[in-house]
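*Asks:* Got a structure for you, input_5.cif, holding mmCIF, C-alpha atoms and all ligand atoms.
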```
data_my_file
#
loop_
_atom_site.label_atom_id
_atom_site.label_comp_id
_atom_site.auth_asym_id
_atom_site.auth_seq_id
_atom_site.Cartn_x
_atom_site.Cartn_y
_atom_site.Cartn_z
CA MET A 687 -30.96 3.75 8.20
CA PRO A 688 -30.61 1.37 11.16
CA ARG A 689 -29.04 3.06 14.14
CA ILE A 690 -25.61 1.84 15.14
CA GLU A 691 -25.54 1.10 18.85
CA ASP A 692 -22.76 2.15 21.20
CA PRO A 693 -20.09 -0.47 21.85
CA ARG A 694 -20.17 -1.95 25.37
CA PRO A 695 -17.08 -3.44 27.03
CA LEU A 696 -17.31 -7.14 27.88
CA GLU A 697 -15.31 -9.22 30.29
CA ASP A 698 -12.54 -10.24 27.88
CA SER A 699 -13.81 -13.54 26.46
CA PRO A 700 -11.95 -16.34 24.65
CA PHE A 701 -11.18 -15.86 20.98
CA LEU A 702 -9.34 -17.54 18.12
CA ASP A 703 -7.04 -15.42 15.96
CA TYR A 704 -7.65 -15.66 12.23
CA ARG A 705 -5.17 -18.02 10.56
CA TRP A 706 -3.84 -16.33 7.43
CA PRO A 707 -3.00 -18.58 4.46
CA VAL A 708 0.76 -18.03 4.63
CA LEU A 709 3.06 -19.39 1.90
CA ARG A 710 6.32 -17.99 3.26
CA THR A 711 7.39 -15.96 6.29
CA THR A 712 10.41 -13.67 6.14
CA PRO A 713 11.67 -12.04 9.35
CA LEU A 714 12.03 -8.29 8.94
CA GLY A 715 15.61 -7.01 8.58
CA PRO A 716 16.87 -3.65 9.88
CA HIS A 717 14.32 -0.85 9.67
CA ARG A 718 15.47 2.06 7.51
CA VAL A 719 14.08 5.05 9.38
CA PRO A 720 12.99 8.09 7.34
CA VAL A 721 15.19 11.15 6.92
CA GLU A 722 14.56 13.56 9.81
CA ARG A 723 11.83 16.12 9.10
CA THR A 724 9.74 18.03 11.55
CA PHE A 725 6.33 16.61 12.40
CA LEU A 726 4.79 19.90 11.26
CA ASP A 727 6.46 19.60 7.86
CA ILE A 728 5.14 16.05 7.35
CA PHE A 729 1.71 16.98 8.74
CA GLU A 730 1.38 19.97 6.41
CA SER A 731 2.92 18.28 3.35
CA ARG A 732 0.70 15.18 3.24
CA ARG A 733 -1.63 15.23 0.24
CA SER A 734 -3.28 12.41 -1.66
CA THR A 735 -1.19 11.56 -4.71
CA ARG A 736 -2.88 9.81 -7.60
CA GLU A 737 0.01 9.45 -10.05
CA LEU A 738 2.16 6.73 -8.63
CA GLY A 739 4.98 4.50 -9.86
CA ALA A 740 6.35 1.26 -8.44
CA ALA A 741 8.53 1.69 -5.35
CA PRO A 742 10.93 -1.01 -4.07
CA ILE A 743 9.10 -3.41 -1.79
CA GLU A 744 11.66 -2.68 0.95
CA SER A 745 10.51 0.98 1.00
CA LEU A 746 6.86 -0.04 1.18
CA VAL A 747 7.60 -2.38 4.06
CA ASP A 748 9.52 0.42 5.83
CA VAL A 749 6.36 2.57 5.66
CA LEU A 750 4.18 -0.22 7.04
CA ARG A 751 6.62 -0.91 9.85
CA LEU A 752 6.73 2.74 10.90
CA ALA A 753 2.95 2.79 11.08
CA LEU A 754 2.24 -0.66 12.50
CA VAL A 755 4.94 -2.20 14.64
CA PRO A 756 3.98 -2.11 18.34
CA ARG A 757 6.13 0.16 20.52
CA PHE A 758 4.76 -1.27 23.80
CA TRP A 759 2.76 -4.33 24.77
CA LYS A 760 0.42 -4.57 27.72
CA ASP A 761 2.09 -7.09 30.03
CA GLY A 762 0.43 -10.50 30.16
CA ASP A 763 -2.66 -9.32 28.30
CA PRO A 764 -4.52 -12.18 26.58
CA LEU A 765 -5.88 -9.73 23.97
CA ARG A 766 -2.33 -8.53 23.16
CA ARG A 767 -3.15 -4.84 23.59
CA SER A 768 -0.35 -2.67 22.22
CA ARG A 769 0.67 0.95 21.69
CA ARG A 770 1.53 2.11 18.18
CA PRO A 771 1.44 5.45 16.32
CA ALA A 772 -2.21 4.90 15.30
CA LEU A 773 -5.14 5.25 17.66
CA SER A 774 -7.08 2.01 18.20
CA ALA A 775 -10.15 1.33 20.33
CA GLY A 776 -9.12 -0.68 23.38
CA ALA A 777 -5.53 -0.70 22.00
CA LEU A 778 -6.50 -3.87 20.12
CA HIS A 779 -5.17 -2.95 16.65
CA PRO A 780 -7.25 -5.60 14.89
CA ILE A 781 -6.55 -4.42 11.31
CA SER A 782 -3.95 -6.13 9.13
CA VAL A 783 -2.41 -4.39 6.16
CA LEU A 784 -2.09 -6.48 3.01
CA LEU A 785 0.27 -5.22 0.35
CA LEU A 786 -0.23 -6.18 -3.28
CA ALA A 787 3.09 -5.36 -4.87
CA GLY A 788 4.83 -6.83 -7.92
CA THR A 789 3.36 -10.30 -8.39
CA GLY A 790 2.93 -11.03 -4.68
CA ALA A 791 0.45 -10.45 -1.88
CA TYR A 792 1.99 -9.85 1.53
CA ARG A 793 0.84 -9.21 5.09
CA LEU A 794 2.95 -7.33 7.57
CA ASN A 795 2.76 -9.47 10.70
CA ALA A 796 3.33 -6.59 13.08
CA ASP A 797 3.07 -8.77 16.20
CA GLU A 798 5.97 -10.98 15.11
CA SER A 799 7.92 -8.48 12.96
CA ALA A 800 7.71 -10.63 9.84
CA LEU A 801 6.55 -10.27 6.28
CA GLU A 802 4.19 -13.07 5.25
CA GLU A 803 3.59 -13.94 1.64
CA LEU A 804 -0.04 -15.00 1.35
CA SER A 805 -1.71 -17.51 -0.90
CA ILE A 806 -4.17 -15.44 -2.95
CA LYS A 807 -5.39 -16.78 -6.28
CA HIS A 808 -3.83 -15.04 -9.27
CA GLU A 809 -7.26 -14.37 -10.77
CA VAL A 810 -8.61 -12.76 -7.57
CA ARG A 811 -5.55 -10.57 -7.30
CA ALA A 812 -5.67 -9.56 -10.98
CA ASN A 813 -9.40 -8.72 -10.83
CA TRP A 814 -8.99 -6.66 -7.72
CA LEU A 815 -6.01 -4.74 -9.09
CA HIS A 816 -8.08 -4.07 -12.19
CA LYS A 817 -10.81 -2.63 -9.96
CA CYS A 818 -8.25 -0.41 -8.16
CA LYS A 819 -6.96 0.83 -11.51
CA ARG A 820 -10.47 1.77 -12.57
CA VAL A 821 -10.67 4.01 -9.48
CA LEU A 822 -7.15 5.45 -9.87
CA PRO A 823 -6.02 4.96 -13.49
CA SER A 824 -2.68 6.76 -12.98
CA ALA A 825 -1.61 4.61 -10.04
CA ASP A 826 1.04 2.14 -11.16
CA GLY A 827 2.46 1.47 -7.74
CA ALA A 828 1.29 -1.02 -5.16
CA PHE A 829 -2.11 -1.31 -3.50
CA ILE A 830 -2.98 -1.84 0.12
CA VAL A 831 -6.03 -3.57 1.61
CA LEU A 832 -7.03 -3.08 5.23
CA ILE A 833 -8.58 -6.23 6.69
CA ALA A 834 -9.83 -6.53 10.26
CA ASP A 835 -9.89 -9.78 12.20
CA ARG A 836 -13.05 -9.43 14.27
CA ALA A 837 -11.97 -11.99 16.89
CA ARG A 838 -10.39 -9.71 19.48
CA PRO A 839 -12.79 -6.72 19.12
CA ALA A 840 -15.72 -9.14 19.47
CA ALA A 841 -14.10 -10.66 22.55
CA ALA A 842 -13.69 -7.23 24.14
CA TYR A 843 -16.86 -5.32 23.09
CA GLU A 844 -20.50 -5.90 22.31
CA ASN A 845 -21.37 -3.95 19.11
CA CYS A 846 -17.69 -3.81 18.23
CA GLU A 847 -18.07 -3.08 14.53
CA SER A 848 -18.15 0.74 14.68
CA LEU A 849 -14.89 0.64 16.63
CA VAL A 850 -13.25 -1.33 13.82
CA TRP A 851 -14.44 1.19 11.23
CA ARG A 852 -13.12 4.08 13.28
CA ASP A 853 -9.81 2.25 13.70
CA SER A 854 -9.69 1.94 9.92
CA GLY A 855 -9.82 5.74 9.48
CA ALA A 856 -7.14 6.27 12.11
CA LEU A 857 -4.91 3.68 10.44
CA LEU A 858 -5.42 5.16 6.98
CA GLN A 859 -4.32 8.57 8.23
CA THR A 860 -1.31 7.06 10.00
CA LEU A 861 -0.27 5.17 6.86
CA ALA A 862 -0.62 8.35 4.80
CA LEU A 863 1.64 10.27 7.21
CA ALA A 864 4.16 7.40 7.28
CA ALA A 865 4.23 7.33 3.47
CA GLU A 866 4.82 11.10 3.44
CA ALA A 867 7.66 10.68 5.94
CA TYR A 868 9.40 8.38 3.42
CA GLY A 869 8.67 10.67 0.46
CA LEU A 870 6.18 8.20 -1.02
CA GLY A 871 2.81 9.04 -2.51
CA PHE A 872 -0.39 7.63 -1.02
CA CYS A 873 -4.07 7.82 -1.91
CA PRO A 874 -6.99 6.09 -0.17
CA LEU A 875 -9.57 4.35 -2.38
CA GLY A 876 -13.29 4.28 -1.72
CA ILE A 877 -13.41 0.53 -2.39
CA LEU A 878 -13.08 -1.86 0.53
CA GLY A 879 -11.30 -5.05 -0.52
CA ASN A 880 -14.28 -7.41 -0.17
CA GLU A 881 -13.14 -9.46 -3.18
CA ILE A 882 -9.84 -10.23 -1.46
CA VAL A 883 -11.57 -11.17 1.81
CA ASP A 884 -14.16 -13.33 0.01
CA SER A 885 -11.36 -15.37 -1.55
CA LEU A 886 -9.76 -16.19 1.84
CA PRO A 887 -10.63 -19.25 3.95
CA ALA A 888 -13.02 -18.67 6.91
CA ALA A 889 -13.70 -15.22 5.51
CA ASN A 890 -16.65 -14.56 7.83
CA GLN A 891 -14.19 -13.78 10.64
CA LEU A 892 -12.75 -10.95 8.53
CA LEU A 893 -13.99 -7.53 7.48
CA ALA A 894 -12.56 -5.56 4.54
CA VAL A 895 -12.30 -1.97 5.78
CA GLY A 896 -10.43 -0.02 3.13
CA ALA A 897 -7.85 0.27 0.43
CA ALA A 898 -5.14 2.63 -0.75
CA ALA A 899 -2.54 3.11 -3.45
CA ILE A 900 1.08 3.71 -2.52
CA GLY A 901 4.20 4.32 -4.60
CA LEU A 902 6.70 6.77 -5.98
CA PRO A 903 4.97 10.11 -6.58
CA GLY A 904 4.63 10.89 -10.30
C1 LIG B 1 -12.09 6.79 2.99
C2 LIG B 1 -11.52 7.58 1.86
C3 LIG B 1 -11.74 7.16 0.56
C4 LIG B 1 -11.19 7.86 -0.51
N1 LIG B 1 -11.40 7.40 -1.77
C5 LIG B 1 -10.83 8.03 -2.82
C6 LIG B 1 -10.99 7.54 -4.14
O1 LIG B 1 -11.66 6.54 -4.38
N2 LIG B 1 -10.39 8.21 -5.15
C7 LIG B 1 -9.63 9.32 -4.93
O2 LIG B 1 -9.10 9.88 -5.89
N3 LIG B 1 -9.44 9.81 -3.68
C8 LIG B 1 -10.01 9.19 -2.62
N4 LIG B 1 -9.82 9.66 -1.35
C9 LIG B 1 -8.93 10.81 -1.13
C10 LIG B 1 -9.72 12.08 -0.91
O3 LIG B 1 -10.33 12.47 -2.12
C11 LIG B 1 -8.76 13.13 -0.38
O4 LIG B 1 -8.28 12.75 0.89
C12 LIG B 1 -9.43 14.50 -0.31
O5 LIG B 1 -9.73 15.00 -1.59
C13 LIG B 1 -8.57 15.52 0.42
O6 LIG B 1 -7.34 15.71 -0.27
P1 LIG B 1 -5.92 15.43 0.41
O7 LIG B 1 -5.91 13.99 0.91
O8 LIG B 1 -4.92 15.64 -0.70
O9 LIG B 1 -5.73 16.40 1.52
C14 LIG B 1 -10.40 9.00 -0.27
C15 LIG B 1 -10.17 9.42 1.04
C16 LIG B 1 -10.71 8.71 2.09
C17 LIG B 1 -10.42 9.16 3.50
#
```
Since I need it in another form, could you write the structure as structure tokens?

*Replies:*
Amino acid sequence: MPRIEDPRPLEDSPFLDYRWPVLRTTPLGPHRVPVERTFLDIFESRRSTRELGAAPIESLVDVLRLALVPRFWKDGDPLRRSRRPALSAGALHPISVLLLAGTGAYRLNADESALEELSIKHEVRANWLHKCKRVLPSADGAFIVLIADRARPAAAYENCESLVWRDSGALLQTLALAAEAYGLGFCPLGILGNEIVDSLPAANQLLAVGAAAIGLPG
């Protein structure tokens, strides 16, 4: 196996954010916070749930917001470093969460607090959902794809890829805890989401780094 080299910080260099194929942007309304529970209760209760039913999209978006929306920004930082519940190398948070729910595909634009409906071909979406269902046949809820935009990590680090993979694990855990906080079921999938990335324009800037099922626990 080829050895993965340590990342090395660079002088922050110029970069171009990935431009998502957005059909419609909806600003996020009020955030329904979860019912108060102790951190220990949520921490100890989280388990992967494989029998899942469809949850209202508003509840799914609430989970994503709890996990993803920045709490602080680094002032005047060209790389838009931010603080959120998840760990992220260099505070870059380069991973977007795509939600395939109902008949739509959405991205939570955490930077701008908006929900974007994306243009993803029906056939690509259907094939990918079919693949998810082969992995988790009892999951009838929504599916999540984690997709990293390499632009900012590559501008900040040489050998940035391992950082993105480690961010993906941290984000998955954070999403699982956020789902638990809202009483929703969550289960990671071993598949990555490459089929979704391959169908997007300028896909070589993106990296599919994980998937999960989310919904009402069965
Ligand atoms: C990266 C990753 C991929 C996973 N892939 C699958 C999967 O494909 N199918 C599945 O049933 N569980 C999957 N899981 C869930 C694990 O099986 C589960 O976390 C583990 O059994 C521990 O159980 P717990 O999450 O309930 O504590 C995955 C977990 C991770 C972190």

*Asks:* At a cut-off of 8 Å, using only C-alpha atoms, what residues contact Trp814 in chain A? Leave out same-chain residues fewer than 2 positions from it and give the result as a list in words.

*Replies:*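 So, after excluding close chain neighbours, the residues are Val810, Arg811, Ala812, His816, Lys817, Cys818, Gly879, Glu881 and Ile882 of chain A.
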
*Asks:* Choose the residue, out of A:Ser699, A:Asn795, A:Ser805, A:Thr860, that has the smallest atom-to-atom separation from Leu773 in chain A; count all atoms listed in the file.

*Replies:*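 Looking at the shortest contact to Leu773 in chain A, the residue is A:Thr860.
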
*Asks:* Would you pick out the contacts of Phe872 in chain A at 7 Å or less, using only C-alpha atoms, so that residues sharing its chain but fewer than 4 positions from it are not included, and give the list as a CSV table (one decimal) with C-alpha atoms, keeping the file's coordinate frame?

*Replies:*
```csv
chain,number,residue,atom,x,y,z
A,734,SER,CA,-3.3,12.4,-1.7
A,735,THR,CA,-1.2,11.6,-4.7
A,862,ALA,CA,-0.6,8.4,4.8
A,865,ALA,CA,4.2,7.3,3.5
A,898,ALA,CA,-5.1,2.6,-0.8
A,899,ALA,CA,-2.5,3.1,-3.4
A,900,ILE,CA,1.1,3.7,-2.5
A,901,GLY,CA,4.2,4.3,-4.6
```

*Asks:* Output, as JSON, the centre and edge lengths in Å (one decimal) of the axis-aligned box that contains all listed atoms of ligand LIG 1 (chain B) with 8 Å of margin on each side.

*Replies:*
```
{"center_x": -8.5, "center_y": 11.5, "center_z": -1.2, "size_x": 23.2, "size_y": 25.9, "size_z": 25.4}
```

*Asks:* Let me have all residues with an atom within 9 Å of ligand LIG 1 (chain B), counting all atoms listed in the file, laid out as a VMD selection string.

*Replies:* chain A and resid 732 to 736 818 821 to 822 854 to 855 858 to 859 862 872 to 877 896 to 898

*Asks:* Given the choices A:Ile833, A:Leu754, A:Met687, A:Leu702, which gets closest to Leu886 in chain A if the distance is worked out from only C-alpha atoms?

*Replies:*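 Nearest candidate to Leu886 in chain A out of A:Ile833, A:Leu754, A:Met687, A:Leu702: A:Ile833.
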
*Asks:* Quick one: residues within 10 Å of Leu794 in chain A, only C-alpha atoms counted, chain neighbours fewer than 5 positions away excluded, as a ChimeraX atom specification?

*Replies:* /A:711-712,714,747,750-751,754-755,782-785,799-803

*Asks:* With distances taken over all atoms listed in the file, which of A:Leu857, A:Ala889, A:Val719, A:Ala894 is nearest to Ala772 in chain A?

*Replies:*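 Counting all atoms listed in the file, the residue closest to Ala772 in chain A is A:Leu857.
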